[in-house]
file upload39.cif (mmCIF, C-alpha atoms)
data_work
#
loop_
_atom_site.label_atom_id
_atom_site.label_comp_id
_atom_site.auth_asym_id
_atom_site.auth_seq_id
_atom_site.Cartn_x
_atom_site.Cartn_y
_atom_site.Cartn_z
CA GLY A 531 -99.43 101.38 -91.61
CA GLN A 532 -99.44 100.14 -95.17
CA GLN A 533 -98.84 102.86 -97.73
CA VAL A 534 -99.24 103.01 -101.46
CA MET A 535 -97.47 105.87 -103.19
CA GLN A 536 -97.70 107.16 -106.73
CA ILE A 537 -95.56 109.50 -108.77
CA PRO A 538 -95.92 111.91 -110.34
CA GLN A 539 -98.89 113.63 -108.73
CA TYR A 540 -99.62 115.55 -111.93
CA GLN A 541 -98.49 115.17 -115.51
CA HIS A 542 -99.19 117.46 -118.44
CA VAL A 543 -98.37 116.08 -121.86
CA GLN A 544 -98.90 117.12 -125.45
CA GLU A 545 -101.21 114.84 -127.37
CA GLY A 546 -99.16 112.10 -128.95
CA GLU A 547 -96.52 112.03 -126.21
CA ASP A 548 -96.06 109.04 -123.95
CA PHE A 549 -96.99 108.97 -120.26
CA THR A 550 -95.93 106.79 -117.35
CA THR A 551 -97.11 106.66 -113.76
CA TYR A 552 -95.37 104.67 -111.05
CA CYS A 553 -96.84 102.99 -108.02
CA ASN A 554 -94.90 101.79 -104.96
CA SER A 555 -96.15 99.86 -101.97
CA SER A 556 -94.59 99.69 -98.52
CA THR A 557 -95.52 95.99 -98.38
CA THR A 558 -95.39 93.08 -100.80
CA LEU A 559 -98.68 92.75 -102.64
CA SER A 560 -100.55 89.62 -103.69
CA ASN A 561 -101.92 91.60 -106.61
CA ILE A 562 -102.34 95.16 -107.78
CA GLN A 563 -105.23 96.85 -109.52
CA TRP A 564 -105.39 100.00 -111.64
CA TYR A 565 -108.35 102.32 -111.95
CA LYS A 566 -109.10 105.37 -114.09
CA GLN A 567 -111.29 108.25 -113.00
CA ARG A 568 -112.39 110.78 -115.58
CA PRO A 569 -112.93 114.37 -114.34
CA GLY A 570 -116.19 114.49 -112.41
CA GLY A 571 -116.60 110.73 -112.72
CA HIS A 572 -116.10 107.65 -110.65
CA PRO A 573 -113.17 105.21 -110.62
CA VAL A 574 -113.40 102.49 -113.23
CA PHE A 575 -111.42 99.27 -113.05
CA LEU A 576 -108.75 98.86 -115.73
CA ILE A 577 -106.78 95.77 -114.86
CA GLN A 578 -105.44 93.44 -112.19
CA LEU A 579 -101.89 92.07 -112.12
CA VAL A 580 -101.09 89.02 -110.04
CA LYS A 581 -97.77 87.45 -111.05
CA SER A 582 -94.29 88.74 -110.33
CA GLY A 583 -92.93 90.53 -113.41
CA GLU A 584 -96.29 90.34 -115.17
CA VAL A 585 -96.86 92.63 -118.16
CA LYS A 586 -100.29 93.19 -119.64
CA LYS A 587 -101.37 95.38 -122.52
CA GLN A 588 -104.66 97.02 -123.35
CA LYS A 589 -104.30 98.77 -126.71
CA ARG A 590 -102.01 101.74 -125.96
CA LEU A 591 -101.81 100.99 -122.21
CA THR A 592 -99.07 98.75 -120.80
CA PHE A 593 -99.19 97.62 -117.17
CA GLN A 594 -96.27 96.08 -115.34
CA PHE A 595 -95.96 94.40 -111.94
CA GLY A 596 -92.49 94.46 -110.41
CA GLU A 597 -90.46 91.36 -109.71
CA ALA A 598 -90.64 91.97 -105.95
CA LYS A 599 -94.40 92.63 -106.20
CA LYS A 600 -93.98 95.98 -104.45
CA ASN A 601 -94.18 98.28 -107.44
CA SER A 602 -96.10 98.69 -110.64
CA SER A 603 -96.29 101.03 -113.59
CA LEU A 604 -98.78 102.15 -116.19
CA HIS A 605 -97.46 103.39 -119.51
CA ILE A 606 -99.61 105.04 -122.16
CA THR A 607 -98.19 105.28 -125.66
CA ALA A 608 -99.14 108.23 -127.85
CA THR A 609 -101.63 109.83 -125.49
CA GLN A 610 -104.99 111.03 -126.71
CA THR A 611 -107.39 113.55 -125.18
CA THR A 612 -109.57 110.62 -124.13
CA ASP A 613 -106.78 109.53 -121.75
CA VAL A 614 -107.39 112.57 -119.52
CA GLY A 615 -108.16 111.63 -115.94
CA THR A 616 -106.66 110.39 -112.72
CA TYR A 617 -105.04 106.98 -112.59
CA PHE A 618 -105.04 105.11 -109.30
CA CYS A 619 -103.23 101.98 -108.27
CA ALA A 620 -104.59 99.89 -105.39
CA GLY A 621 -103.26 96.94 -103.46
CA PRO A 622 -104.96 94.59 -100.98
CA ASP A 623 -104.72 95.64 -97.35
CA PHE A 624 -101.97 93.61 -95.71
CA ASN A 625 -104.18 92.78 -92.72
CA TYR A 626 -107.62 92.73 -94.32
CA GLY A 627 -107.18 91.36 -97.81
CA GLN A 628 -110.73 92.05 -98.88
CA ASN A 629 -110.01 95.79 -98.63
CA PHE A 630 -107.86 97.81 -100.97
CA VAL A 631 -105.43 100.59 -100.16
CA PHE A 632 -105.38 103.22 -102.89
CA GLY A 633 -102.54 105.39 -103.97
CA PRO A 634 -103.16 109.16 -104.20
CA GLY A 635 -103.40 108.98 -107.98
CA THR A 636 -101.68 110.63 -110.92
CA ARG A 637 -103.70 113.27 -112.71
CA LEU A 638 -103.02 113.32 -116.44
CA SER A 639 -103.77 116.31 -118.64
CA VAL A 640 -103.42 116.00 -122.39
CA LEU A 641 -103.06 119.16 -124.40
CA PRO A 642 -104.42 118.94 -127.97
CA ASN B 965 -127.66 96.56 -115.55
CA ALA B 966 -127.81 99.30 -112.93
CA GLY B 967 -124.63 98.16 -111.11
CA VAL B 968 -124.03 100.34 -108.04
CA THR B 969 -126.53 103.12 -107.46
CA GLN B 970 -125.90 105.98 -105.06
CA THR B 971 -128.28 108.69 -103.92
CA PRO B 972 -128.28 111.60 -103.61
CA LYS B 973 -125.70 112.87 -106.10
CA PHE B 974 -125.42 116.23 -104.35
CA GLN B 975 -126.27 117.35 -100.83
CA VAL B 976 -125.66 120.47 -98.77
CA LEU B 977 -125.92 120.17 -95.00
CA LYS B 978 -125.53 122.49 -92.08
CA THR B 979 -123.14 121.61 -89.29
CA GLY B 980 -124.82 119.26 -86.86
CA GLN B 981 -127.41 117.87 -89.26
CA SER B 982 -127.62 114.17 -89.93
CA MET B 983 -128.25 112.38 -93.18
CA THR B 984 -128.00 109.03 -94.93
CA LEU B 985 -126.27 108.30 -98.20
CA GLN B 986 -127.93 105.39 -99.93
CA CYS B 987 -126.13 102.68 -101.86
CA ALA B 988 -127.63 99.71 -103.65
CA GLN B 989 -126.12 97.09 -105.93
CA ASP B 990 -127.83 94.50 -108.10
CA MET B 991 -124.85 92.23 -108.76
CA ASN B 992 -125.31 90.01 -105.69
CA HIS B 993 -121.90 91.04 -104.36
CA GLU B 994 -121.14 90.11 -100.79
CA TYR B 995 -118.52 92.84 -100.35
CA MET B 996 -119.53 96.49 -100.18
CA SER B 997 -117.64 99.53 -99.01
CA TRP B 998 -117.72 103.29 -98.61
CA TYR B 999 -114.83 105.57 -99.55
CA ARG B 1000 -114.34 109.27 -99.30
CA GLN B 1001 -112.26 111.17 -101.81
CA ASP B 1002 -110.51 114.39 -100.94
CA PRO B 1003 -108.13 116.35 -103.20
CA GLY B 1004 -104.65 114.86 -103.25
CA MET B 1005 -105.55 112.06 -100.83
CA GLY B 1006 -106.92 109.39 -103.09
CA LEU B 1007 -109.69 107.15 -101.81
CA ARG B 1008 -109.89 106.38 -98.12
CA LEU B 1009 -111.97 103.53 -96.75
CA ILE B 1010 -114.66 104.52 -94.25
CA HIS B 1011 -116.55 101.28 -93.57
CA TYR B 1012 -116.95 97.97 -95.29
CA SER B 1013 -119.07 94.85 -95.19
CA VAL B 1014 -118.41 91.28 -96.30
CA GLY B 1015 -122.04 90.22 -96.13
CA ALA B 1016 -125.45 90.94 -94.68
CA GLY B 1017 -125.25 91.56 -90.95
CA ILE B 1018 -121.47 92.08 -91.01
CA THR B 1019 -119.81 95.49 -90.98
CA ASP B 1020 -116.43 96.79 -89.92
CA GLN B 1021 -114.44 99.99 -89.75
CA GLY B 1022 -112.00 101.17 -92.35
CA GLU B 1023 -109.30 103.81 -92.19
CA VAL B 1024 -111.50 106.84 -91.41
CA PRO B 1025 -114.70 105.65 -89.65
CA ASN B 1026 -115.22 108.45 -87.11
CA GLY B 1027 -118.51 110.32 -87.56
CA TYR B 1028 -120.06 107.64 -89.76
CA ASN B 1029 -122.27 104.62 -89.17
CA VAL B 1030 -123.26 101.81 -91.51
CA SER B 1031 -125.58 98.84 -91.50
CA ARG B 1032 -126.08 95.90 -93.85
CA SER B 1033 -129.49 94.34 -93.43
CA THR B 1034 -129.61 92.97 -97.00
CA THR B 1035 -127.03 91.94 -99.58
CA GLU B 1036 -128.19 94.76 -101.88
CA ASP B 1037 -128.12 97.81 -99.60
CA PHE B 1038 -125.35 99.49 -97.64
CA PRO B 1039 -126.35 102.95 -96.37
CA LEU B 1040 -123.87 105.37 -94.83
CA ARG B 1041 -125.12 107.60 -92.02
CA LEU B 1042 -123.55 110.87 -90.98
CA LEU B 1043 -124.52 111.32 -87.36
CA SER B 1044 -123.74 115.02 -86.83
CA ALA B 1045 -122.24 116.58 -89.93
CA ALA B 1046 -119.03 118.60 -89.64
CA PRO B 1047 -117.27 120.75 -92.26
CA SER B 1048 -114.43 118.19 -92.27
CA GLN B 1049 -116.89 115.73 -93.81
CA THR B 1050 -117.21 117.84 -96.95
CA SER B 1051 -116.07 115.37 -99.57
CA VAL B 1052 -117.08 113.14 -102.43
CA TYR B 1053 -118.34 109.77 -101.23
CA PHE B 1054 -118.17 106.61 -103.29
CA CYS B 1055 -119.86 103.32 -102.62
CA ALA B 1056 -118.24 100.26 -104.16
CA SER B 1057 -119.02 96.58 -104.33
CA SER B 1058 -116.92 93.60 -105.31
CA PRO B 1059 -117.39 89.92 -106.16
CA TRP B 1060 -114.82 89.22 -103.47
CA THR B 1061 -114.40 85.75 -102.03
CA THR B 1062 -111.90 84.45 -99.49
CA THR B 1063 -109.81 83.09 -102.36
CA ASN B 1064 -110.20 85.82 -104.94
CA THR B 1065 -109.81 89.58 -104.71
CA GLY B 1066 -112.37 90.93 -107.11
CA GLU B 1067 -112.44 94.29 -108.84
CA LEU B 1068 -114.32 97.16 -107.27
CA PHE B 1069 -117.43 98.48 -108.99
CA PHE B 1070 -118.02 102.08 -107.97
CA GLY B 1071 -121.18 104.12 -107.84
CA GLU B 1072 -121.25 107.53 -109.45
CA GLY B 1073 -120.55 109.31 -106.19
CA SER B 1074 -122.29 111.66 -103.79
CA ARG B 1075 -120.88 115.16 -103.41
CA LEU B 1076 -121.50 116.42 -99.88
CA THR B 1077 -120.92 119.96 -98.65
CA VAL B 1078 -121.21 120.77 -94.96
CA LEU B 1079 -121.55 124.45 -94.12
#

call {"tool": "encode", "arguments": {"input": "upload39.cif", "output": "structure tokens"}}
result
Amino acid sequence: GQQVMQIPQYQHVQEGEDFTTYCNSSTTLSNIQWYKQRPGGHPVFLIQLVKSGEVKKQKRLTFQFGEAKKNSSLHITATQTTDVGTYFCAGPDFNYGQNFVFGPGTRLSVLP
Amino acid sequence: NAGVTQTPKFQVLKTGQSMTLQCAQDMNHEYMSWYRQDPGMGLRLIHYSVGAGITDQGEVPNGYNVSRSTTEDFPLRLLSAAPSQTSVYFCASSPWTTTNTGELFFGEGSRLTVL
């Protein structure tokens, strides 16, 4: 079945360092979404990418959708302690487009 | 705005007991879904609904039932709880249409422990 993979599983960084998480899908995606889940919290939508090669920025966060629309990345510049959490990517189910298939997430720890 | 409301937030059950997790949304979303979250496994879809009276199975439906009698409510029933159902459950809704994949709005979660 369709799989969405993320690496790394965990990342520990010193505050001020950069962070990148990568997302890969086994199928071509019509779009990809990113979510953030703070410890003990619920996933919160960050962004949706639709176009091949699309790059979007939200302050220190940069999101990229690959040219083949099978991979994506999230880059955080100069991490802060408020960036702590798990970052998930999600792509529409190949067979049931109203559903999303989530990656396992990358858990980010930021040491002050 | 309340958004997506889940109850209860915490529940402890004994093996074999049944219970219902409640989910309500006030955004008039047609699409609603239930996920379970287990360590290292991300979010897995249990059941979903694209409108009142319509439900379907997701990736991990066994042991769970759902119904959708109104647009607002989408309860998840555990028929006979098993320790393997110990998890955190999230309800989510979306302004999905056939031409637009909307973002998911999640409830705060229900942490279930089955002894």

call {"tool": "resolve_selection", "arguments": {"input": "upload39.cif", "expression": "the PyMOL selection byres ((chain A) within 10 of (chain B))", "output": "MDAnalysis selection string"}}
result
chainID A and resid 539 560:565 570:578 616:622 626:637

call {"tool": "residues_around", "arguments": {"input": "upload39.cif", "residues": "segment 988-990 of chain B", "least_positions_apart": "3", "cutoff": "8 Å", "atoms": "only C-alpha atoms", "output": "list in words"}}
result
Asn965, Ala966, Gly967, Val968, Thr969, Gln970, His993, Glu1036, Asp1037, Phe1038 and Ser1057 of chain B

call {"tool": "resolve_selection", "arguments": {"input": "upload39.cif", "expression": "the PyMOL selection byres ((chain A and resi 537) around 7)", "output": "list of chain:residue names"}}
result
A:Met535, A:Gln536, A:Pro538, A:Gln539, A:Thr551, A:Tyr552, A:Cys553, A:Thr636

call {"tool": "atom_distance", "arguments": {"input": "upload39.cif", "atom1": "atom CA of Phe595 of chain A", "atom2": "atom CA of Lys581 of chain A"}}
result
7.2 Å

call {"tool": "atom_distance", "arguments": {"input": "upload39.cif", "atom1": "atom CA of Gly1015 of chain B", "atom2": "atom CA of Asn1029 of chain B"}}
result
16.0 Å

call {"tool": "atom_distance", "arguments": {"input": "upload39.cif", "atom1": "atom CA of Ser1074 of chain B", "atom2": "atom CA of Ile1018 of chain B"}}
result
23.4 Å

call {"tool": "closest_residue", "arguments": {"input": "upload39.cif", "among": "A:Gly615, A:Phe549, A:Ser556, A:Ser603", "to": "Arg590 of chain A", "atoms": "all atoms listed in the file"}}
result
A:Phe549

call {"tool": "closest_residue", "arguments": {"input": "upload39.cif", "among": "B:Val1030, B:Val1024, B:Leu1040, B:Ala1046", "to": "Val976 of chain B", "atoms": "only C-alpha atoms"}}
result
B:Ala1046

call {"tool": "closest_residue", "arguments": {"input": "upload39.cif", "among": "A:Val614, A:Leu641, A:Val543, A:Val580", "to": "Gly596 of chain A", "atoms": "only C-alpha atoms"}}
result
A:Val580

call {"tool": "residues_around", "arguments": {"input": "upload39.cif", "residues": "Met983 of chain B", "least_positions_apart": "6", "cutoff": "12 Å", "atoms": "all atoms listed in the file", "output": "count of residues only"}}
result
21

call {"tool": "axis_aligned_box", "arguments": {"input": "upload39.cif", "around": "segment 599-602 of chain A", "padding_each_side": "8 Å", "output": "AutoDock Vina command-line options"}}
result
--center_x -95.0 --center_y 95.7 --center_z -107.5 --size_x 18.1 --size_y 22.1 --size_z 22.2

call {"tool": "build_atoms", "arguments": {"input": "upload39.cif", "residues": "segment 603-614 of chain A", "atoms": "all heavy atoms", "output": "compact mmCIF listing (two decimals), in the coordinates of the input"}}
result
# COMPACT_ATOMS: atom_id res chain seq x y z
N SER A 603 -96.27 99.85 -112.73
CA SER A 603 -96.29 101.03 -113.59
C SER A 603 -97.37 100.90 -114.64
O SER A 603 -97.79 99.79 -115.01
CB SER A 603 -94.93 101.24 -114.25
OG SER A 603 -94.62 100.18 -115.13
N LEU A 604 -97.83 102.06 -115.08
CA LEU A 604 -98.78 102.15 -116.19
C LEU A 604 -98.17 103.09 -117.22
O LEU A 604 -97.82 104.23 -116.89
CB LEU A 604 -100.12 102.70 -115.69
CG LEU A 604 -101.06 103.33 -116.71
CD1 LEU A 604 -101.44 102.37 -117.81
CD2 LEU A 604 -102.31 103.89 -116.03
N HIS A 605 -98.04 102.60 -118.43
CA HIS A 605 -97.46 103.39 -119.51
C HIS A 605 -98.50 103.55 -120.61
O HIS A 605 -99.10 102.56 -121.03
CB HIS A 605 -96.21 102.70 -120.06
CG HIS A 605 -95.56 103.44 -121.19
ND1 HIS A 605 -94.72 104.51 -121.01
CD2 HIS A 605 -95.66 103.28 -122.53
CE1 HIS A 605 -94.31 104.96 -122.18
NE2 HIS A 605 -94.86 104.22 -123.13
N ILE A 606 -98.70 104.78 -121.04
CA ILE A 606 -99.61 105.04 -122.16
C ILE A 606 -98.78 105.55 -123.33
O ILE A 606 -98.03 106.53 -123.21
CB ILE A 606 -100.69 106.08 -121.80
CG1 ILE A 606 -101.50 105.60 -120.60
CG2 ILE A 606 -101.62 106.30 -123.01
CD1 ILE A 606 -102.58 106.57 -120.15
N THR A 607 -98.91 104.89 -124.45
CA THR A 607 -98.19 105.28 -125.66
C THR A 607 -99.07 106.22 -126.49
O THR A 607 -100.25 105.96 -126.66
CB THR A 607 -97.86 104.02 -126.50
OG1 THR A 607 -97.08 103.12 -125.69
CG2 THR A 607 -97.08 104.39 -127.74
N ALA A 608 -98.45 107.29 -126.96
CA ALA A 608 -99.14 108.23 -127.85
C ALA A 608 -100.49 108.65 -127.26
O ALA A 608 -101.55 108.29 -127.77
CB ALA A 608 -99.33 107.61 -129.23
N THR A 609 -100.41 109.44 -126.20
CA THR A 609 -101.63 109.83 -125.49
C THR A 609 -102.64 110.53 -126.40
O THR A 609 -102.27 111.19 -127.39
CB THR A 609 -101.30 110.78 -124.32
OG1 THR A 609 -100.55 111.89 -124.83
CG2 THR A 609 -100.52 110.08 -123.23
N GLN A 610 -103.89 110.37 -126.03
CA GLN A 610 -104.99 111.03 -126.71
C GLN A 610 -105.79 111.82 -125.67
O GLN A 610 -105.67 111.56 -124.46
CB GLN A 610 -105.88 110.01 -127.41
CG GLN A 610 -105.16 109.17 -128.45
CD GLN A 610 -106.03 108.08 -129.05
OE1 GLN A 610 -107.19 107.89 -128.68
NE2 GLN A 610 -105.47 107.35 -130.01
N THR A 611 -106.61 112.73 -126.13
CA THR A 611 -107.39 113.55 -125.18
C THR A 611 -108.35 112.68 -124.37
O THR A 611 -108.72 113.05 -123.25
CB THR A 611 -108.18 114.64 -125.92
OG1 THR A 611 -108.98 114.05 -126.93
CG2 THR A 611 -107.23 115.67 -126.54
N THR A 612 -108.70 111.53 -124.88
CA THR A 612 -109.57 110.62 -124.13
C THR A 612 -108.86 109.96 -122.95
O THR A 612 -109.51 109.32 -122.11
CB THR A 612 -110.11 109.52 -125.05
OG1 THR A 612 -109.00 108.88 -125.70
CG2 THR A 612 -111.06 110.09 -126.09
N ASP A 613 -107.54 110.11 -122.87
CA ASP A 613 -106.78 109.53 -121.75
C ASP A 613 -106.81 110.44 -120.52
O ASP A 613 -106.33 110.04 -119.45
CB ASP A 613 -105.33 109.29 -122.16
CG ASP A 613 -105.21 108.26 -123.26
OD1 ASP A 613 -105.99 107.29 -123.26
OD2 ASP A 613 -104.33 108.42 -124.13
N VAL A 614 -107.34 111.63 -120.65
CA VAL A 614 -107.39 112.57 -119.52
C VAL A 614 -108.11 111.95 -118.34
O VAL A 614 -109.15 111.32 -118.48
CB VAL A 614 -108.08 113.87 -119.95
CG1 VAL A 614 -108.48 114.71 -118.74
CG2 VAL A 614 -107.20 114.66 -120.89
